[in-house]
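This is work30.cif. It holds mmCIF, C-alpha atoms.
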data_final
loop_
_atom_site.group_PDB
_atom_site.id
_atom_site.type_symbol
_atom_site.label_atom_id
_atom_site.label_comp_id
_atom_site.auth_asym_id
_atom_site.auth_seq_id
_atom_site.Cartn_x
_atom_site.Cartn_y
_atom_site.Cartn_z
ATOM 1 C CA MET A 1 12.231 4.380 -9.789
ATOM 2 C CA ASP A 2 12.408 1.356 -12.084
ATOM 3 C CA ILE A 3 10.316 -1.741 -11.490
ATOM 4 C CA MET A 4 13.105 -3.793 -9.874
ATOM 5 C CA ASN A 5 13.924 -1.023 -7.397
ATOM 6 C CA LEU A 6 10.225 -0.635 -6.628
ATOM 7 C CA LEU A 7 9.730 -4.372 -6.049
ATOM 8 C CA GLN A 8 12.812 -4.461 -3.793
ATOM 9 C CA SER A 9 11.246 -1.732 -1.642
ATOM 10 C CA LEU A 10 7.952 -3.607 -1.118
ATOM 11 C CA GLU A 11 7.309 -5.598 2.018
ATOM 12 C CA ILE A 12 5.304 -8.287 0.204
ATOM 13 C CA PHE A 13 8.341 -9.258 -1.855
ATOM 14 C CA GLU A 14 10.840 -9.099 1.010
ATOM 15 C CA GLY A 15 12.902 -12.292 1.030
ATOM 16 C CA LEU A 16 12.735 -12.956 -2.722
ATOM 17 C CA SER A 17 15.995 -13.252 -4.634
ATOM 18 C CA ASP A 18 16.801 -10.896 -7.510
ATOM 19 C CA GLY A 19 15.964 -13.723 -9.915
ATOM 20 C CA GLU A 20 12.569 -14.251 -8.307
ATOM 21 C CA LEU A 21 11.890 -10.506 -8.289
ATOM 22 C CA GLN A 22 12.728 -10.474 -12.009
ATOM 23 C CA GLN A 23 10.056 -13.136 -12.562
ATOM 24 C CA VAL A 24 7.537 -10.926 -10.734
ATOM 25 C CA ALA A 25 8.675 -7.864 -12.718
ATOM 26 C CA GLU A 26 7.943 -9.713 -15.964
ATOM 27 C CA ILE A 27 4.224 -9.919 -15.121
ATOM 28 C CA CYS A 28 3.890 -6.278 -13.984
ATOM 29 C CA ASP A 29 2.229 -3.845 -16.384
ATOM 30 C CA GLN A 30 2.723 -0.118 -15.868
ATOM 31 C CA LEU A 31 -0.404 1.982 -15.627
ATOM 32 C CA VAL A 32 -0.500 5.788 -15.619
ATOM 33 C CA ALA A 33 -3.749 7.082 -14.167
ATOM 34 C CA SER A 34 -5.054 10.608 -13.821
ATOM 35 C CA LYS A 35 -6.943 12.116 -10.901
ATOM 36 C CA GLY A 36 -10.510 10.790 -10.653
ATOM 37 C CA THR A 37 -9.820 7.444 -12.321
ATOM 38 C CA THR A 38 -11.651 4.556 -10.649
ATOM 39 C CA LEU A 39 -9.217 1.693 -10.247
ATOM 40 C CA LEU A 40 -11.565 -0.749 -8.513
ATOM 41 C CA GLU A 41 -15.286 -0.736 -7.843
ATOM 42 C CA GLN A 42 -16.715 -2.228 -4.658
ATOM 43 C CA ASP A 43 -18.455 -5.596 -5.230
ATOM 44 C CA ASP A 44 -16.950 -6.035 -8.689
ATOM 45 C CA ILE A 45 -15.341 -9.339 -9.544
ATOM 46 C CA GLY A 46 -11.648 -8.845 -10.087
ATOM 47 C CA LYS A 47 -8.521 -10.217 -8.520
ATOM 48 C CA ASP A 48 -5.681 -8.251 -10.093
ATOM 49 C CA LEU A 49 -3.186 -6.666 -7.744
ATOM 50 C CA PHE A 50 -2.019 -3.059 -8.019
ATOM 51 C CA ILE A 51 1.133 -1.456 -6.650
ATOM 52 C CA VAL A 52 1.283 2.315 -6.143
ATOM 53 C CA ALA A 53 4.609 3.624 -7.463
ATOM 54 C CA GLU A 54 3.779 7.352 -7.501
ATOM 55 C CA GLY A 55 0.772 9.314 -6.289
ATOM 56 C CA PHE A 56 -2.131 8.370 -4.042
ATOM 57 C CA ALA A 57 -5.336 6.358 -4.270
ATOM 58 C CA GLU A 58 -8.333 6.849 -1.968
ATOM 59 C CA VAL A 59 -10.094 3.776 -0.596
ATOM 60 C CA VAL A 60 -13.841 4.294 -0.120
ATOM 61 C CA VAL A 61 -16.320 1.831 1.387
ATOM 62 C CA SER A 62 -20.079 1.990 0.790
ATOM 63 C CA ASN A 63 -22.742 0.552 3.056
ATOM 64 C CA PRO A 64 -25.384 -0.943 0.712
ATOM 65 C CA SER A 65 -28.075 -0.855 3.394
ATOM 66 C CA ASN A 66 -28.040 2.913 3.842
ATOM 67 C CA GLU A 67 -25.964 4.036 0.827
ATOM 68 C CA LYS A 68 -23.529 5.883 3.093
ATOM 69 C CA THR A 69 -19.911 6.013 1.959
ATOM 70 C CA LYS A 70 -16.780 6.467 4.014
ATOM 71 C CA SER A 71 -13.244 7.232 2.925
ATOM 72 C CA ILE A 72 -11.060 4.894 4.977
ATOM 73 C CA VAL A 73 -7.481 5.553 3.859
ATOM 74 C CA ASN A 74 -5.269 7.071 1.169
ATOM 75 C CA LEU A 75 -2.681 4.622 -0.128
ATOM 76 C CA GLY A 76 0.578 6.127 -1.334
ATOM 77 C CA PRO A 77 3.868 4.934 -2.807
ATOM 78 C CA GLY A 78 4.797 1.369 -1.941
ATOM 79 C CA GLN A 79 1.270 0.253 -1.089
ATOM 80 C CA ILE A 80 -0.611 -2.742 -2.436
ATOM 81 C CA ILE A 81 -4.216 -2.516 -3.634
ATOM 82 C CA GLY A 82 -6.537 -5.466 -4.236
ATOM 83 C CA GLU A 83 -4.760 -8.061 -2.120
ATOM 84 C CA MET A 84 -7.906 -9.181 -0.271
ATOM 85 C CA ALA A 85 -9.506 -10.586 -3.428
ATOM 86 C CA LEU A 86 -6.254 -12.365 -4.213
ATOM 87 C CA ILE A 87 -6.485 -14.153 -0.869
ATOM 88 C CA ASP A 88 -10.195 -14.815 -0.378
ATOM 89 C CA LYS A 89 -11.362 -14.792 -4.046
ATOM 90 C CA GLY A 90 -14.286 -12.605 -3.015
ATOM 91 C CA PRO A 91 -15.611 -9.448 -4.673
ATOM 92 C CA ARG A 92 -13.799 -6.144 -4.231
ATOM 93 C CA SER A 93 -14.276 -4.887 -0.681
ATOM 94 C CA ALA A 94 -13.958 -1.199 -1.539
ATOM 95 C CA THR A 95 -13.869 1.336 -4.338
ATOM 96 C CA VAL A 96 -10.441 2.796 -5.065
ATOM 97 C CA ARG A 97 -9.978 6.099 -6.895
ATOM 98 C CA ILE A 98 -6.866 7.957 -7.938
ATOM 99 C CA ILE A 99 -6.581 11.324 -6.159
ATOM 100 C CA SER A 100 -3.217 12.546 -7.483
ATOM 101 C CA ASP A 101 -2.474 13.876 -10.950
ATOM 102 C CA GLN A 102 -0.573 11.397 -13.117
ATOM 103 C CA SER A 103 -0.250 8.562 -10.617
ATOM 104 C CA VAL A 104 1.907 5.614 -11.653
ATOM 105 C CA LEU A 105 0.885 2.077 -10.701
ATOM 106 C CA TYR A 106 1.815 -1.452 -11.671
ATOM 107 C CA GLN A 107 -0.879 -4.034 -12.327
ATOM 108 C CA ILE A 108 -0.269 -7.738 -11.749
ATOM 109 C CA ASN A 109 -2.716 -10.092 -13.466
ATOM 110 C CA HIS A 110 -3.960 -12.524 -10.833
ATOM 111 C CA THR A 111 -3.897 -15.557 -13.142
ATOM 112 C CA GLN A 112 -0.295 -14.922 -14.147
ATOM 113 C CA PHE A 113 0.625 -14.307 -10.514
ATOM 114 C CA GLU A 114 -1.034 -17.502 -9.300
ATOM 115 C CA ASN A 115 0.672 -19.449 -12.090
ATOM 116 C CA LEU A 116 4.010 -18.016 -10.997
ATOM 117 C CA CYS A 117 3.333 -18.949 -7.352
ATOM 118 C CA GLU A 118 2.368 -22.505 -8.319
ATOM 119 C CA LYS A 119 5.432 -22.858 -10.510
ATOM 120 C CA ASN A 120 7.704 -21.474 -7.797
ATOM 121 C CA THR A 121 6.105 -22.313 -4.457
ATOM 122 C CA ARG A 122 8.845 -20.446 -2.569
ATOM 123 C CA ILE A 123 7.590 -17.206 -4.150
ATOM 124 C CA GLY A 124 4.025 -18.145 -3.187
ATOM 125 C CA TYR A 125 4.949 -18.915 0.407
ATOM 126 C CA ILE A 126 6.974 -15.731 0.922
ATOM 127 C CA VAL A 127 4.390 -13.461 -0.715
ATOM 128 C CA MET A 128 1.479 -14.927 1.266
ATOM 129 C CA ARG A 129 3.434 -14.642 4.537
ATOM 130 C CA ASN A 130 4.290 -11.036 3.779
ATOM 131 C CA LEU A 131 0.714 -10.226 2.707
ATOM 132 C CA ALA A 132 -0.430 -11.240 6.189
ATOM 133 C CA SER A 133 1.952 -8.676 7.660
ATOM 134 C CA ASP A 134 0.706 -6.012 5.226
ATOM 135 C CA LEU A 135 -2.916 -6.696 6.181
ATOM 136 C CA SER A 136 -1.982 -6.543 9.868
ATOM 137 C CA PHE A 137 -0.438 -3.098 9.347
ATOM 138 C CA LYS A 138 -3.527 -1.834 7.519
ATOM 139 C CA LEU A 139 -5.706 -3.139 10.355
ATOM 140 C CA ARG A 140 -3.569 -1.364 12.943
ATOM 141 C CA HIS A 141 -3.852 1.860 10.926
ATOM 142 C CA GLN A 142 -7.635 1.480 10.871
ATOM 143 C CA HIS A 143 -7.764 0.907 14.626
ATOM 144 C CA LEU A 144 -5.834 4.126 15.255
ATOM 145 C CA GLN A 145 -7.934 6.009 12.706
ATOM 146 C CA ASP A 146 -11.133 4.944 14.458
ATOM 147 C CA ILE A 147 -10.098 6.237 17.905
ATOM 148 C CA MET B 1 17.159 2.743 -4.236
ATOM 149 C CA ASP B 2 19.799 0.381 -2.851
ATOM 150 C CA GLU B 3 18.288 -2.957 -1.780
ATOM 151 C CA ARG B 4 19.968 -2.556 1.613
ATOM 152 C CA ASP B 5 18.202 0.716 2.347
ATOM 153 C CA ASP B 6 15.818 0.748 5.272
ATOM 154 C CA ILE B 7 12.144 1.213 4.443
ATOM 155 C CA TYR B 8 9.741 3.058 6.732
ATOM 156 C CA LYS B 9 6.143 1.934 6.397
ATOM 157 C CA ILE B 10 4.161 4.809 7.832
ATOM 158 C CA SER B 11 0.586 5.007 9.076
ATOM 159 C CA TYR B 12 -0.411 8.684 9.039
ATOM 160 C CA VAL B 13 -3.358 9.636 11.224
ATOM 161 C CA ILE B 14 -4.728 13.179 11.021
ATOM 162 C CA LEU B 15 -6.051 14.986 14.074
ATOM 163 C CA GLY B 16 -9.717 15.911 13.931
ATOM 164 C CA GLY B 17 -11.042 12.844 12.160
ATOM 165 C CA GLN B 18 -11.953 14.711 8.961
ATOM 166 C CA HIS B 19 -9.289 13.009 6.851
ATOM 167 C CA PRO B 20 -8.868 9.224 6.486
ATOM 168 C CA GLY B 21 -5.120 9.334 6.916
ATOM 169 C CA ALA B 22 -2.702 7.482 4.699
ATOM 170 C CA ILE B 23 -0.237 4.641 4.445
ATOM 171 C CA VAL B 24 3.024 5.325 2.647
ATOM 172 C CA ASN B 25 6.445 3.688 2.264
ATOM 173 C CA SER B 26 9.417 6.005 2.567
ATOM 174 C CA SER B 27 13.184 5.659 2.597
ATOM 175 C CA GLN B 28 13.324 8.568 5.064
ATOM 176 C CA LYS B 29 12.166 8.436 8.674
ATOM 177 C CA PRO B 30 9.700 11.280 9.327
ATOM 178 C CA VAL B 31 10.508 13.723 12.104
ATOM 179 C CA ILE B 32 8.409 16.211 14.030
ATOM 180 C CA GLY B 33 7.931 19.389 12.011
ATOM 181 C CA ASN B 34 8.105 17.696 8.582
ATOM 182 C CA VAL B 35 5.443 18.768 6.104
ATOM 183 C CA VAL B 36 3.964 15.825 4.188
ATOM 184 C CA ASP B 37 1.680 15.662 1.154
ATOM 185 C CA LEU B 38 -0.797 12.803 1.510
ATOM 186 C CA GLY B 39 -2.337 13.099 -1.927
ATOM 187 C CA ASP B 40 -4.856 15.840 -1.530
ATOM 188 C CA LYS B 41 -3.603 18.089 1.284
ATOM 189 C CA LYS B 42 -0.493 18.996 3.222
ATOM 190 C CA PHE B 43 0.033 18.138 6.884
ATOM 191 C CA GLU B 44 2.575 18.798 9.617
ATOM 192 C CA VAL B 45 4.056 15.896 11.566
ATOM 193 C CA ILE B 46 3.534 16.334 15.306
ATOM 194 C CA GLU B 47 4.319 12.862 16.690
ATOM 195 C CA VAL B 48 6.249 9.766 15.527
ATOM 196 C CA VAL B 49 6.075 6.428 17.380
ATOM 197 C CA ASP B 50 6.814 2.772 16.560
ATOM 198 C CA LEU B 51 3.656 0.897 15.587
ATOM 199 C CA MET B 52 5.071 -2.639 15.319
ATOM 200 C CA PRO B 53 8.517 -4.136 15.915
ATOM 201 C CA SER B 54 10.855 -3.761 12.947
ATOM 202 C CA ARG B 55 11.157 -6.768 10.651
ATOM 203 C CA GLY B 56 14.526 -6.809 8.911
ATOM 204 C CA ARG B 57 14.974 -3.501 7.118
ATOM 205 C CA PHE B 58 11.272 -2.639 7.401
ATOM 206 C CA HIS B 59 10.262 -0.235 10.168
ATOM 207 C CA TYR B 60 6.621 0.350 11.061
ATOM 208 C CA LEU B 61 5.695 3.822 12.264
ATOM 209 C CA HIS B 62 2.585 5.618 13.460
ATOM 210 C CA VAL B 63 2.688 9.323 12.688
ATOM 211 C CA THR B 64 0.188 11.876 13.930
ATOM 212 C CA CYS B 65 -0.294 15.020 11.839
ATOM 213 C CA ARG B 66 -2.290 18.193 11.853
ATOM 214 C CA SER B 67 -3.726 19.895 8.798
ATOM 215 C CA LEU B 68 -1.990 22.970 7.408
ATOM 216 C CA GLU B 69 -4.996 24.038 5.319
#
Output the file's structure as structure tokens, nothing else.
Amino acid sequence: MDIMNLLQSLEIFEGLSDGELQQVAEICDQLVASKGTTLLEQDDIGKDLFIVAEGFAEVVVSNPSNEKTKSIVNLGPGQIIGEMALIDKGPRSATVRIISDQSVLYQINHTQFENLCEKNTRIGYIVMRNLASDLSFKLRHQHLQDI
Amino acid sequence: MDERDDIYKISYVILGGQHPGAIVNSSQKPVIGNVVDLGDKKFEVIEVVDLMPSRGRFHYLHVTCRSLE
């Protein structure tokens, strides 16, 4: 799947025109990661966004008070990683590791993305609205997982 | 993928609580009996229900699976 087809299939970019999607595609860098690669580390400072194109990444949360860790979800094709830091500017909320051989992701530099959203506020509005829906879905998944 | 294709955003929950489940986008709606690979293991679909109302061409599903391993 090429980058334009991938972006068209993502909920966070739903509502963008082909021209706007092309602008997003221009700031996406492809990343091929092997099994065991750590994509994000909990508490690290970093705001880049990742899109899973192929493969799966495991999201693991650690409790610093008792050093227990818990795997909370595997994110597969079409899922966004790192969106919380993009919204709240806080440290990474979880560690994310690749669990599939030769996973393909796209990385979006947060500075370039924020510049694009400021330059084209329609893109910013649509993406932020859609990110809320994506977070809602992840929360619903977690609720069902916890039952 | 045609831009008009429907997209199914799927929350997979695995019976037994030993696996964290997964979230995946798919152009195909899962059906009972499907075998799915969620990155590290294979699972059989045993239930498919709507999780949220559809929004445009995006459909939100909750799928329950059992481990095949």
Take the PyMOL selection byres ((chain A) within 7 of (chain B)), apply it to the structure above, and return the hits as a ChimeraX atom specification.
-> /A:5,8-9,55-56,71-79,99-100,141,145
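With only C-alpha atoms as the atoms that count, the residue of A:Glu58, A:Glu114, A:Asp134, A:Asp146 with the shortest distance to Thr95 (chain A) is A:Glu58.
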Can you list, as a PyMOL selection string, the residues that the PyMOL selection byres ((chain A and resi 13-18) around 10) selects here?
-> (chain A and resi 4+7-12+19-24+122-124+126-131) or (chain B and resi 3+55-58)
Residues as selected, C-alpha atoms, written as a PDB file, in the frame of the given file, can you do that?
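Generated output (out21.pdb):
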ATOM      1  CA  MET A   4      13.105  -3.793  -9.874  1.00  0.00           C
ATOM      2  CA  LEU A   7       9.730  -4.372  -6.049  1.00  0.00           C
ATOM      3  CA  GLN A   8      12.812  -4.461  -3.793  1.00  0.00           C
ATOM      4  CA  SER A   9      11.246  -1.732  -1.642  1.00  0.00           C
ATOM      5  CA  LEU A  10       7.952  -3.607  -1.118  1.00  0.00           C
ATOM      6  CA  GLU A  11       7.309  -5.598   2.018  1.00  0.00           C
ATOM      7  CA  ILE A  12       5.304  -8.287   0.204  1.00  0.00           C
ATOM      8  CA  GLY A  19      15.964 -13.723  -9.915  1.00  0.00           C
ATOM      9  CA  GLU A  20      12.569 -14.251  -8.307  1.00  0.00           C
ATOM     10  CA  LEU A  21      11.890 -10.506  -8.289  1.00  0.00           C
ATOM     11  CA  GLN A  22      12.728 -10.474 -12.009  1.00  0.00           C
ATOM     12  CA  GLN A  23      10.056 -13.136 -12.562  1.00  0.00           C
ATOM     13  CA  VAL A  24       7.537 -10.926 -10.734  1.00  0.00           C
ATOM     14  CA  ARG A 122       8.845 -20.446  -2.569  1.00  0.00           C
ATOM     15  CA  ILE A 123       7.590 -17.206  -4.150  1.00  0.00           C
ATOM     16  CA  GLY A 124       4.025 -18.145  -3.187  1.00  0.00           C
ATOM     17  CA  ILE A 126       6.974 -15.731   0.922  1.00  0.00           C
ATOM     18  CA  VAL A 127       4.390 -13.461  -0.715  1.00  0.00           C
ATOM     19  CA  MET A 128       1.479 -14.927   1.266  1.00  0.00           C
ATOM     20  CA  ARG A 129       3.434 -14.642   4.537  1.00  0.00           C
ATOM     21  CA  ASN A 130       4.290 -11.036   3.779  1.00  0.00           C
ATOM     22  CA  LEU A 131       0.714 -10.226   2.707  1.00  0.00           C
TER      23      LEU A 131
ATOM     24  CA  GLU B   3      18.288  -2.957  -1.780  1.00  0.00           C
ATOM     25  CA  ARG B  55      11.157  -6.768  10.651  1.00  0.00           C
ATOM     26  CA  GLY B  56      14.526  -6.809   8.911  1.00  0.00           C
ATOM     27  CA  ARG B  57      14.974  -3.501   7.118  1.00  0.00           C
ATOM     28  CA  PHE B  58      11.272  -2.639   7.401  1.00  0.00           C
TER      29      PHE B  58
END
Which polymer residues have any atom within 9 Å of an atom of Ser62 (chain A), counting only C-alpha atoms, with same-chain residues fewer than 6 positions away left out, as a ChimeraX atom specification?
-> /A:42,68-71,94-95
Can you translate the PyMOL selection byres ((chain B and resi 33) around 10) into the concrete residues it hits in this file, as a PDB file with C-alpha atoms, keeping the file's coordinate frame?
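Wrote expr14.pdb, looks like this:
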ATOM      1  CA  PRO B  30       9.700  11.280   9.327  1.00  0.00           C
ATOM      2  CA  VAL B  31      10.508  13.723  12.104  1.00  0.00           C
ATOM      3  CA  ILE B  32       8.409  16.211  14.030  1.00  0.00           C
ATOM      4  CA  ASN B  34       8.105  17.696   8.582  1.00  0.00           C
ATOM      5  CA  VAL B  35       5.443  18.768   6.104  1.00  0.00           C
ATOM      6  CA  VAL B  36       3.964  15.825   4.188  1.00  0.00           C
ATOM      7  CA  PHE B  43       0.033  18.138   6.884  1.00  0.00           C
ATOM      8  CA  GLU B  44       2.575  18.798   9.617  1.00  0.00           C
ATOM      9  CA  VAL B  45       4.056  15.896  11.566  1.00  0.00           C
ATOM     10  CA  ILE B  46       3.534  16.334  15.306  1.00  0.00           C
ATOM     11  CA  GLU B  47       4.319  12.862  16.690  1.00  0.00           C
ATOM     12  CA  CYS B  65      -0.294  15.020  11.839  1.00  0.00           C
TER      13      CYS B  65
END
CA of Asp29 (chain A) to CA of Thr121 (chain A): how many Å, to one decimal?
->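 So the answer is 22.3 Å.
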Could you tell me how far CA of Asp48 (chain A) lies from CA of Arg92 (chain A), in Å and to one decimal?
->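 Rounded to one decimal, the two atoms are 10.2 Å apart.
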What does the distance from CA of Glu83 (chain A) to CA of Gly16 (chain B) come to in Å, to one decimal?
-> 29.3 Å
Which centre and edge lengths in Å to one decimal define the box along x, y and z that fits every listed atom of region 5-23 of chain B plus 6 Å per side, as lines of an AutoDock Vina configuration file?
center_x = 3.1
center_y = 8.3
center_z = 8.2
size_x = 42.2
size_y = 27.2
size_z = 23.7
Within 6 Å of file point (5.3, -12.7, -13.0), counting all atoms listed in the file, expressed as a ChimeraX atom specification | /A:23-27,113,116
Quick one: everything within 10 Å of Gln107 (chain A), counting all atoms listed in the file, minus sequence neighbours fewer than 4 positions away in the same chain. Send it as a list in words.
->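 So the residues in contact are Ile27, Cys28, Asp29, Gln30, Leu31, Asp48, Leu49, Phe50, Ile51, Val52, Ile80, Ile81 and Gly82 of chain A.
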